[in-house]
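One structure below.
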Amino acid sequence: MFTSLHYVGKDMNTTYTSKEPWKKVFGPVFVYLNSASSRNLLWTDAKRQMVTEVQSWPYDFVKSVDYPLHHQRGTIKGQFFVLDRYKNKSKLIGKFAFVGLALPGEAGSWQTENKFWTQADKMGMFTIANVRPGSYSLYAWVSGFIGDYKYEHDITITPGHS
């Protein structure tokens, strides 16, 4: 179902070329069925459970070599700046930029494999936790600036490190 048209529609249909190596873990999938006396209580309870699940991820009960557990993943922290000589001669804080890790490649090439995204705060500070070990490119884009940004060096994530 996750690689069908059910969730993404015809324009986003997943295709594979002959002998293309591709593997993806879908899941675990969590379905939460709750009951309460009012819609507001249902919604409040669902949001509470969502926070619990987000804090629990990645789950430790999955037993697959293709699903690294929490201690087998790493974290990256940083601050994003924009240098746009047309706007300012010095670097500007990348306020609320979207920052992500994906396989090395050109900006916009993150369409397959794993990707990990977050949004920076008002000072451009960001943290991406629970990243699978490997080599990644760091990408970003920020409102008010044209284009995507890519850090010039690859980032290596190692288990249990920041």
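Each chain in the structure tokens gets a letter, A, B and so on, in the order shown; residues start at 1 in every chain, and ligands are counted from 1 in the order they appear.
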Next on the checklist: Env of Asp154 (chain A): 12 Å cut, atoms = only C-alpha atoms, seq-sep filter 4 positions within chain, self excluded. Answer as JSON, numbers by chain.
Outcome noted: {"A": [101, 102, 103, 104, 105, 106, 134, 135, 136, 137, 138, 139, 150]}
Next on the checklist: Can you tell me which residues surround Asn34 (chain A) at a distance of at most 10 Å, considering only C-alpha atoms, apart from same-chain residues fewer than 4 positions away, and format the answer as a VMD selection string?
Outcome noted: chain A and resid 41 to 43 45 to 46 49
Checklist entry - Please, which residues of region 72-150 of chain A, numbered as in this document, come out strand (DSSP E) from DSSP, as a VMD selection string? => result chain A and resid 74 to 79 81 to 82 92 to 93 98 to 102 115 to 119 125 to 131 134 to 141 149 to 150
Checklist outcome for this item: If you count only C-alpha atoms, the residue of A:Ser38, A:Thr52, A:Asn114, A:Ser143 closest to Asp66 (chain A) turns out to be A:Asn114
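Each of A:Val142, A:Ile128, A:Val62, A:Ala36 was compared to Gly94 (chain A) using only C-alpha atoms, and A:Val142 turns out to be the nearest.
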Next on the checklist: I need the alpha helix (DSSP H) residues of chain A per DSSP on the backbone, written as a list in words.
Outcome noted: Leu5, His6, Tyr7, Val8, Arg39, Asn40, Leu41, Leu42, Trp43, Thr44, Asp45, Ala46, Lys47, Arg48, Gln49, Met50, Val51, Thr52, Glu53, Val54, Gln55 and Ser56 of chain A
